[in-house]
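Trainee: Shown below is the structure under consideration.
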Amino acid sequence: MIEIRNLSKWYGNFQVLHNINEEIKQGQTVVVCGPSGSGKSTLLRCINGLEPFQEGEVTVDGVSVSDPGTNLYKLRTEIGMVFQRFELYPHMTALQNIILAPMKVRNKSKKEAEAKAMELLHRVGIPEKAHAYPANLSGGQQQRVAIARSLAMGPKIMMFDEPTSALDPEMIKEVLDVMIDLSKGGMTMIVVTHEMGFAREVADEVIFMDEGRIIERGTDISFFKNPKNPRTKEFLDKILL
Amino acid sequence: MGLAYHFDWGVLWRQPYGIWLLKGVWLTVQLGLLSWLIALFLGIFIGTIRISRWRWLRVLGTTYVEIFRNIPFIVQLFFWYFAGPMLFGKTLQFHINAIMGLNYYVAIVGLGLYTASRVAEHIRAGFASIARDQYQAALSTGLTEIQMYRYVIIPYALRIVIPPLTTEFLTIFKNSSIAMTIGVAETTFMSYKIDSDTFHGLEATTGAMVIYLILGLSVVKLMGILESRFRIAGLMGRK
Amino acid sequence: MFDAVIRNLPFLMGGFWVTVKLTAFALLGGIPLGILVGLGRISKKRWVYYPVTFYVNLIRNIPLILVIFWFYFVMPILVGRPMDPFPSAVISFIIFEATYFGEILRAGYQSVSKGQIEAGYSTGLSYIQTTRHILIPIAFRRMLPSMITQSIVTYQDTSLAFVIGLPEFVRRTAIVDNLEVRSIQLFGFVAIMFLITCYISSVVSRRFEVKREGGY
């Protein structure tokens with residue numbers, strides 16, 4: 001579904017991504033981890049065209065991201081993204097946050113969009129908060145609304161950029177539960193996270209990145225038990241208790 | 001398009017119009033500089049009393065600022081020029097009105113009073129933005145209050161306050177144009193006068209625009225030099 | 001004590017009404033234009049950024065009176081016939097105040113977190129949709145106190161339309177003063193009117209600063 005070939009990106013003179021190669025098949029859940037600054041977030045943003053890249057190729061479902069003829073807006077409707085700081089629109093209620101894109105991009109009627117939105121709010125577990133403003137929601141609730149917002153466009157792929165890093169510990173589980181649910185339901189997912197419990201449960205592949213390169217990859221069990229690369233081992237030691 | 005208008009840019013330098021404009025510019029400069037002096041001194045004073053320990057001083061300062069800020073400058077100017085002399089009683093009034101160039105003096109004082117209220121606001125904001133912890137940190141190292149103000153607070157406050165003061169200095173030159181309404185023959189007045197004579201107001205006012213632009217750029221340049229001087233000479237740690 | 005004022009009250013208040021109308025038009029045109037100007041100032045496209053920046057810097061450096069005069073002289077040439085002072089004044093104010101609103105909103109746009117814009121894009125919204133539904137509403141609400149302050153300034157600025165003979169509040173007061181020469185009363189009255197209206201507006205605006213929905 002997603003093919004990344006020889007992807008390299010520079011910010012000015014600084015190279016943030018070095019020759020990344022990866023293939024993600026439909027229905028797979030891939031976890032990306034690594035120290036900060038390793039380029040994980042940048043990689044995600046290259047996939048949905050939020051960040052341009054200088055070398056290499058990224059193909060999503062047959063469509064090349066860097067091709068000037070590609071309609072990036074259309075591409076983005078197929079890829080949902082969840083951010084570390086939730087990024088809910090503060091001037092809209094949870095429901096309004098969710099229905100904005102379906103109404104404006106897919107021209108759905110308000111009724112249709114709201115019905116779907118309520119369905120999604122049920123799915124993430126907080127239908128009663130439909131008319132609450134983000135400021136009145138806890139972090140965990142906001143993130144779940146953010147997930148519902150991305151799902152509202154019916155994407156084929158969901159990307160998560162450290163979705164639980166900004167949450168208080170007691171709220172992490174509620175968000176991870178939603179994500180595990182999604183993964184088990186067959187969604188193609190790329191998740192940047194340090195939550196190894198999550199990786200152990202649903203990841204089909206774990207990628208370790210450092211300084212813009214993929215240092216090691218593995219299917220979960222082998223990865224955690226016997227990391228081959230010393231840097232991977234160092235990192236895992238630090239984050240696994 | 002066929003505009004039925006013939007441009008005559010010569011009005012800007014042909015005699016006597018060129019001289020008119022130059023005289024006007026000279027007056028603008030005078031108005032700006034002199035009222036700025038008043039505004040600075042008065043403004044710093046009022047800004048400082050607004051954070052003083054005594055409530056009545058604070059109230060005094062706030063009242064001044066609110067009055068002079070909320071009334072448009074043109075209204076203030078008219079008040080001082082037309083109504084002002086009357087405040088002195090019948091006899092003095094006639095003497096005052098007989099003063100040559102009264103409008104010039106009224107304009108300078110009026111502009112100074114008005115701008116002082118704005119300067120005061122900036123000064124107050126500058127002091128307020130310095131966290132109380134800074135004061136306490138300085139005092140806790142054993143400095144007296146006066147030393148604290150001299151070596152820590154004031155240099156710090158000046159750095160914060162110079163950019164908004166630069167803006168006020170620019171604004172004072174722009175506001176000097178309002179003095180034309182009481183007959184002060186500054187730049188804008190002159191450009192209007194050229195129009196009454198030649199009907200080429202467009203060229204005259206465009207010329208005046210360029211003059212104000214040059215004036216503005218010079219002020220910014222000047223304040224920039226001042227700002228860097230302050231950094232180099234460094235009120236802190238030189239003496 | 002205020003007999004001259006009372007005698008001429010209808011005439012004077014007529015002028016106040018003109019002032020209010022002028023302010024309303026200036027804001028109705030100046031704020032939308034300001035929204036666009038602010039966008040232009042953060043645009044990455046050079047053919048947008050440079051002209052807008054030039055325009056903003058030009059206007060902010062010259063006195064309002066001059067802008068009023070300039071339009072007063074220019075409009076008849078463009079339109080082909082002499083022009084009523086009111087429309088000319090309205091246009092001058094719109095063009096002038098838009099630069100100030102534009103700079104305020106520019107600061108507002110720059111304060112909106114990049115993540116929120118990215119969130120909008122990542123759901124497939126276009127530039128126009130993201131700008132219209134996310135960037136502008138958030139920035140506008142955040143800068144509301146400054147916008148109100150600037151609106152009060154606009155209200156005060158309208159008194160300068162005096163110079164092209166617009167029969168607004170201050171000019172009418174001057175006209176009456178010419179007849180009655182009760183300057184203290186008359187200009188005192190104008191001053192007090194402005195003082196009261198502006199002070200009330202600034203108090204209202206401070207309320208907005210405290211009581212904002214949802215914490216921006």
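Each chain in the structure tokens gets a letter, A, B, ..., in the order shown, and its residues are numbered from 1; ligands are numbered from 1 in order too.
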Quick one: which residues from chain B are at most 6 Å off chain C, using only C-alpha atoms, as an NGL selection string?
Mentor: :B and (70-72 or 79 or 82-83 or 174 or 202 or 205 or 212-213)
Trainee: Against chain C, which residues of chain A fall within 7 Å? For each one I want the closest pair of atoms and the distance in Å (one decimal), counting only C-alpha atoms, rows by chain and increasing residue number, as CSV.
Mentor:
```
residue,atom,partner,partner_atom,distance
A:Tyr73,CA,C:Gly124,CA,4.8
A:Lys74,CA,C:Gly124,CA,6.2
A:Arg76,CA,C:Gly124,CA,4.8
A:Thr77,CA,C:Gly124,CA,4.6
A:Gly80,CA,C:Thr123,CA,6.4
A:Met81,CA,C:Ser122,CA,6.1
A:Glu87,CA,C:Gln116,CA,4.9
A:Leu88,CA,C:Gln116,CA,6.8
A:Tyr89,CA,C:Gln116,CA,6.7
A:Pro90,CA,C:Gly214,CA,6.5
A:His91,CA,C:Ile138,CA,6.6
A:Ala101,CA,C:Thr123,CA,6.2
A:Val105,CA,C:Leu125,CA,6.3
A:Tyr133,CA,C:Gly214,CA,6.3
A:Pro134,CA,C:Gly214,CA,6.9
A:Ala135,CA,C:Gly214,CA,4.9
A:Ser150,CA,C:Thr123,CA,6.2
A:Met153,CA,C:Thr123,CA,6.9
```
Trainee: Could the residues in this selection be written to a file with N, CA and C atoms, as an mmCIF file, in the first residue's frame?
Mentor:
```
data_model
loop_
_atom_site.group_PDB
_atom_site.id
_atom_site.type_symbol
_atom_site.label_atom_id
_atom_site.label_comp_id
_atom_site.auth_asym_id
_atom_site.auth_seq_id
_atom_site.Cartn_x
_atom_site.Cartn_y
_atom_site.Cartn_z
ATOM 1 N N TYR A 73 -4.468 17.224 -1.957
ATOM 2 C CA TYR A 73 -5.649 17.332 -1.085
ATOM 3 C C TYR A 73 -6.439 16.029 -1.124
ATOM 4 N N LYS A 74 -6.562 15.483 -2.333
ATOM 5 C CA LYS A 74 -7.313 14.240 -2.475
ATOM 6 C C LYS A 74 -6.576 13.116 -1.761
ATOM 7 N N ARG A 76 -4.688 13.321 0.775
ATOM 8 C CA ARG A 76 -4.803 13.440 2.226
ATOM 9 C C ARG A 76 -6.137 12.955 2.750
ATOM 10 N N THR A 77 -7.148 12.930 1.892
ATOM 11 C CA THR A 77 -8.430 12.415 2.382
ATOM 12 C C THR A 77 -8.331 10.918 2.614
ATOM 13 N N GLY A 80 -5.301 9.487 7.248
ATOM 14 C CA GLY A 80 -5.657 10.246 8.438
ATOM 15 C C GLY A 80 -4.424 10.455 9.299
ATOM 16 N N MET A 81 -4.359 11.583 9.998
ATOM 17 C CA MET A 81 -3.190 11.828 10.832
ATOM 18 C C MET A 81 -3.591 12.315 12.212
ATOM 19 N N GLU A 87 -4.291 18.986 18.566
ATOM 20 C CA GLU A 87 -4.595 20.016 17.565
ATOM 21 C C GLU A 87 -6.066 20.054 17.181
ATOM 22 N N LEU A 88 -6.916 19.994 18.166
ATOM 23 C CA LEU A 88 -8.337 20.225 17.887
ATOM 24 C C LEU A 88 -8.539 21.723 17.689
ATOM 25 N N TYR A 89 -9.510 22.076 16.856
ATOM 26 C CA TYR A 89 -9.772 23.490 16.614
ATOM 27 C C TYR A 89 -10.487 24.045 17.848
ATOM 28 N N PRO A 90 -9.855 25.018 18.523
ATOM 29 C CA PRO A 90 -10.400 25.442 19.823
ATOM 30 C C PRO A 90 -11.732 26.155 19.736
ATOM 31 N N HIS A 91 -12.058 26.689 18.574
ATOM 32 C CA HIS A 91 -13.277 27.479 18.475
ATOM 33 C C HIS A 91 -14.477 26.633 18.048
ATOM 34 N N ALA A 101 -14.380 18.685 7.805
ATOM 35 C CA ALA A 101 -13.822 18.195 6.537
ATOM 36 C C ALA A 101 -14.849 17.438 5.699
ATOM 37 N N VAL A 105 -15.149 19.032 2.185
ATOM 38 C CA VAL A 105 -14.402 18.364 1.133
ATOM 39 C C VAL A 105 -15.276 17.358 0.394
ATOM 40 N N TYR A 133 -16.459 21.881 24.149
ATOM 41 C CA TYR A 133 -15.323 22.521 23.506
ATOM 42 C C TYR A 133 -14.038 21.862 23.991
ATOM 43 N N PRO A 134 -13.003 21.878 23.161
ATOM 44 C CA PRO A 134 -11.755 21.213 23.538
ATOM 45 C C PRO A 134 -11.239 21.631 24.914
ATOM 46 N N ALA A 135 -11.412 22.898 25.261
ATOM 47 C CA ALA A 135 -10.890 23.345 26.553
ATOM 48 C C ALA A 135 -11.552 22.627 27.716
ATOM 49 N N SER A 150 -10.091 12.271 12.306
ATOM 50 C CA SER A 150 -9.367 11.715 11.162
ATOM 51 C C SER A 150 -10.148 10.586 10.514
ATOM 52 N N MET A 153 -13.176 10.990 7.564
ATOM 53 C CA MET A 153 -13.017 11.036 6.115
ATOM 54 C C MET A 153 -12.872 9.641 5.510
#
```
Trainee: Taking 5 positions as the minimum chain separation for residues in the same chain, which residues sit within 8 Å of Met118 of chain A when counting only C-alpha atoms? Answer as JSON, numbers by chain.
Mentor: {"A": [95, 127, 130]}
Trainee: Can you tell me, as a ChimeraX atom specification, what residues are no more than 10 Å from Asp195 of chain B when counting only C-alpha atoms, ignoring any on the same chain fewer than 3 positions away?
Mentor: /B:11,17,189-192,198-205 /C:73
Trainee: If you count only C-alpha atoms, which residues fall within 9 Å of Ile91 of chain C, apart from same-chain ones fewer than 3 positions away, as an MDAnalysis selection string?
Mentor: chainID C and resid 25:26 29 68 71 86:88 94:96
Trainee: Write the residues you've just listed into a file as a PDB file, in the first residue's frame, and include all heavy atoms for each of them.
Mentor:
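Printed below is result-v7.pdb as written:
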```pdb
ATOM      1  N   PHE C  25     -18.798  52.429   8.463  1.00  0.00           N
ATOM      2  CA  PHE C  25     -18.345  52.081   7.118  1.00  0.00           C
ATOM      3  C   PHE C  25     -16.865  51.746   7.100  1.00  0.00           C
ATOM      4  O   PHE C  25     -16.428  50.805   6.439  1.00  0.00           O
ATOM      5  CB  PHE C  25     -18.617  53.234   6.148  1.00  0.00           C
ATOM      6  CG  PHE C  25     -20.017  53.244   5.610  1.00  0.00           C
ATOM      7  CD1 PHE C  25     -20.949  54.162   6.065  1.00  0.00           C
ATOM      8  CD2 PHE C  25     -20.403  52.323   4.652  1.00  0.00           C
ATOM      9  CE1 PHE C  25     -22.245  54.163   5.573  1.00  0.00           C
ATOM     10  CE2 PHE C  25     -21.695  52.324   4.153  1.00  0.00           C
ATOM     11  CZ  PHE C  25     -22.616  53.240   4.619  1.00  0.00           C
ATOM     12  N   ALA C  26     -16.095  52.552   7.831  1.00  0.00           N
ATOM     13  CA  ALA C  26     -14.657  52.323   7.852  1.00  0.00           C
ATOM     14  C   ALA C  26     -14.345  50.934   8.388  1.00  0.00           C
ATOM     15  O   ALA C  26     -13.483  50.232   7.875  1.00  0.00           O
ATOM     16  CB  ALA C  26     -13.976  53.379   8.715  1.00  0.00           C
ATOM     17  N   GLY C  29     -15.462  48.001   6.001  1.00  0.00           N
ATOM     18  CA  GLY C  29     -14.544  47.786   4.883  1.00  0.00           C
ATOM     19  C   GLY C  29     -13.145  47.472   5.361  1.00  0.00           C
ATOM     20  O   GLY C  29     -12.473  46.607   4.808  1.00  0.00           O
ATOM     21  N   ILE C  68      -6.179  61.285   3.640  1.00  0.00           N
ATOM     22  CA  ILE C  68      -7.520  61.803   3.364  1.00  0.00           C
ATOM     23  C   ILE C  68      -7.474  62.800   2.212  1.00  0.00           C
ATOM     24  O   ILE C  68      -8.285  62.732   1.285  1.00  0.00           O
ATOM     25  CB  ILE C  68      -8.122  62.469   4.620  1.00  0.00           C
ATOM     26  CG1 ILE C  68      -8.325  61.429   5.721  1.00  0.00           C
ATOM     27  CG2 ILE C  68      -9.446  63.138   4.301  1.00  0.00           C
ATOM     28  CD1 ILE C  68      -8.832  62.017   7.022  1.00  0.00           C
ATOM     29  N   PHE C  71      -6.708  61.029  -1.273  1.00  0.00           N
ATOM     30  CA  PHE C  71      -7.873  60.413  -1.902  1.00  0.00           C
ATOM     31  C   PHE C  71      -8.874  61.452  -2.373  1.00  0.00           C
ATOM     32  O   PHE C  71      -9.525  61.282  -3.397  1.00  0.00           O
ATOM     33  CB  PHE C  71      -8.544  59.422  -0.953  1.00  0.00           C
ATOM     34  CG  PHE C  71      -7.911  58.075  -1.009  1.00  0.00           C
ATOM     35  CD1 PHE C  71      -7.012  57.693  -0.040  1.00  0.00           C
ATOM     36  CD2 PHE C  71      -8.183  57.213  -2.051  1.00  0.00           C
ATOM     37  CE1 PHE C  71      -6.405  56.459  -0.095  1.00  0.00           C
ATOM     38  CE2 PHE C  71      -7.575  55.981  -2.124  1.00  0.00           C
ATOM     39  CZ  PHE C  71      -6.685  55.604  -1.152  1.00  0.00           C
ATOM     40  N   PHE C  86     -18.039  62.440   1.743  1.00  0.00           N
ATOM     41  CA  PHE C  86     -18.277  61.236   2.542  1.00  0.00           C
ATOM     42  C   PHE C  86     -17.691  59.975   1.917  1.00  0.00           C
ATOM     43  O   PHE C  86     -16.915  59.280   2.558  1.00  0.00           O
ATOM     44  CB  PHE C  86     -19.779  61.075   2.829  1.00  0.00           C
ATOM     45  CG  PHE C  86     -20.077  60.015   3.857  1.00  0.00           C
ATOM     46  CD1 PHE C  86     -19.976  60.296   5.209  1.00  0.00           C
ATOM     47  CD2 PHE C  86     -20.443  58.732   3.465  1.00  0.00           C
ATOM     48  CE1 PHE C  86     -20.244  59.323   6.161  1.00  0.00           C
ATOM     49  CE2 PHE C  86     -20.711  57.752   4.415  1.00  0.00           C
ATOM     50  CZ  PHE C  86     -20.610  58.046   5.761  1.00  0.00           C
ATOM     51  N   PRO C  87     -18.011  59.646   0.650  1.00  0.00           N
ATOM     52  CA  PRO C  87     -17.410  58.442   0.065  1.00  0.00           C
ATOM     53  C   PRO C  87     -15.889  58.520   0.028  1.00  0.00           C
ATOM     54  O   PRO C  87     -15.204  57.531   0.298  1.00  0.00           O
ATOM     55  CB  PRO C  87     -17.971  58.401  -1.361  1.00  0.00           C
ATOM     56  CG  PRO C  87     -19.081  59.342  -1.398  1.00  0.00           C
ATOM     57  CD  PRO C  87     -18.930  60.309  -0.285  1.00  0.00           C
ATOM     58  N   SER C  88     -15.365  59.690  -0.296  1.00  0.00           N
ATOM     59  CA  SER C  88     -13.917  59.836  -0.347  1.00  0.00           C
ATOM     60  C   SER C  88     -13.309  59.552   1.017  1.00  0.00           C
ATOM     61  O   SER C  88     -12.302  58.843   1.130  1.00  0.00           O
ATOM     62  CB  SER C  88     -13.570  61.255  -0.813  1.00  0.00           C
ATOM     63  OG  SER C  88     -12.252  61.575  -0.487  1.00  0.00           O
ATOM     64  N   ILE C  94     -10.889  53.225   4.981  1.00  0.00           N
ATOM     65  CA  ILE C  94     -10.787  51.783   4.757  1.00  0.00           C
ATOM     66  C   ILE C  94      -9.351  51.425   4.403  1.00  0.00           C
ATOM     67  O   ILE C  94      -8.745  50.528   4.998  1.00  0.00           O
ATOM     68  CB  ILE C  94     -11.749  51.330   3.652  1.00  0.00           C
ATOM     69  CG1 ILE C  94     -13.189  51.445   4.146  1.00  0.00           C
ATOM     70  CG2 ILE C  94     -11.446  49.904   3.229  1.00  0.00           C
ATOM     71  CD1 ILE C  94     -14.214  51.031   3.122  1.00  0.00           C
ATOM     72  N   ILE C  95      -8.789  52.144   3.439  1.00  0.00           N
ATOM     73  CA  ILE C  95      -7.422  51.846   3.008  1.00  0.00           C
ATOM     74  C   ILE C  95      -6.446  52.043   4.166  1.00  0.00           C
ATOM     75  O   ILE C  95      -5.512  51.264   4.355  1.00  0.00           O
ATOM     76  CB  ILE C  95      -7.006  52.746   1.829  1.00  0.00           C
ATOM     77  CG1 ILE C  95      -7.985  52.606   0.689  1.00  0.00           C
ATOM     78  CG2 ILE C  95      -5.589  52.463   1.412  1.00  0.00           C
ATOM     79  CD1 ILE C  95      -7.691  51.494  -0.253  1.00  0.00           C
ATOM     80  N   PHE C  96      -6.658  53.085   4.954  1.00  0.00           N
ATOM     81  CA  PHE C  96      -5.727  53.399   6.030  1.00  0.00           C
ATOM     82  C   PHE C  96      -5.813  52.396   7.175  1.00  0.00           C
ATOM     83  O   PHE C  96      -4.830  51.796   7.580  1.00  0.00           O
ATOM     84  CB  PHE C  96      -6.021  54.813   6.543  1.00  0.00           C
ATOM     85  CG  PHE C  96      -5.041  55.319   7.559  1.00  0.00           C
ATOM     86  CD1 PHE C  96      -3.800  55.785   7.163  1.00  0.00           C
ATOM     87  CD2 PHE C  96      -5.352  55.319   8.904  1.00  0.00           C
ATOM     88  CE1 PHE C  96      -2.892  56.251   8.101  1.00  0.00           C
ATOM     89  CE2 PHE C  96      -4.450  55.790   9.846  1.00  0.00           C
ATOM     90  CZ  PHE C  96      -3.222  56.254   9.435  1.00  0.00           C
TER      91      PHE C  96
END
```
Trainee: DSSP on the backbone, then: every residue of segment 181-236 of chain A marked strand (DSSP E), written as a count of residues only.
Mentor: 17
Trainee: Atom CA of Gln110 of chain C and atom CA of Thr131 of chain C, how far apart in Å?
Mentor: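 Atom CA of Thr131 of chain C sits 12.4 Å away from atom CA of Gln110 of chain C.
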Trainee: Distance atom CA of Thr188 of chain B-atom CA of Thr206 of chain B, one decimal place?
Mentor: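 Atom CA of Thr188 of chain B sits 10.4 Å away from atom CA of Thr206 of chain B.
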Trainee: For segment 182-186 of chain A, work out the shell of residues within 8 Å, counting only C-alpha atoms and skipping chain neighbours fewer than 6 positions away, then give it as a PyMOL selection string.
Mentor: chain A and resi 27-29+202
Trainee: Please report the interatomic distance between atom CA of Phe14 of chain A and atom CA of Gly212 of chain A in Å with one decimal.
Mentor: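 Straight-line distance from atom CA of Phe14 of chain A to atom CA of Gly212 of chain A works out to 10.6 Å.
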Trainee: Could you pull the residues within 9 Å of Arg217 of chain A, counting only C-alpha atoms, minus those fewer than 6 positions along the same chain, as a list of chain:residue names?
Mentor: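 After dropping sequence-adjacent residues, the list is A:Glu205, A:Val206, A:Ile207, A:Phe208, A:Met209, A:Phe223, A:Pro227.
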Trainee: Residues of the last selection are to be written out with C-alpha atoms, as a tab-separated table (two decimals), in the first residue's frame.
Mentor:
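After the write, again_31.tsv holds the following:
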```tsv
chain	number	residue	atom	x	y	z
A	205	GLU	CA	6.67	-4.67	12.27
A	206	VAL	CA	8.74	-2.42	14.47
A	207	ILE	CA	11.21	0.02	12.95
A	208	PHE	CA	13.93	1.69	14.91
A	209	MET	CA	15.21	5.00	13.55
A	223	PHE	CA	12.86	-7.30	18.04
A	227	PRO	CA	17.98	-6.49	19.06
```
Trainee: Could you tell me which of B:Ala116, B:Gly142, B:Trp26, B:Tyr135 comes closest to Phe45 of chain B if we count only C-alpha atoms?
Mentor: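 Checking each of B:Ala116, B:Gly142, B:Trp26, B:Tyr135 against Phe45 of chain B, counting only C-alpha atoms, the winner is B:Ala116.
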Trainee: Within segment 24-228 of chain B, find each residue whose DSSP state, derived from the backbone, is alpha helix (DSSP H), and express the selection as a PyMOL selection string.
Mentor: chain B and resi 24-49+55-70+73-78+90-97+102-128+132-140+145-147+154-175+187-198+201-228
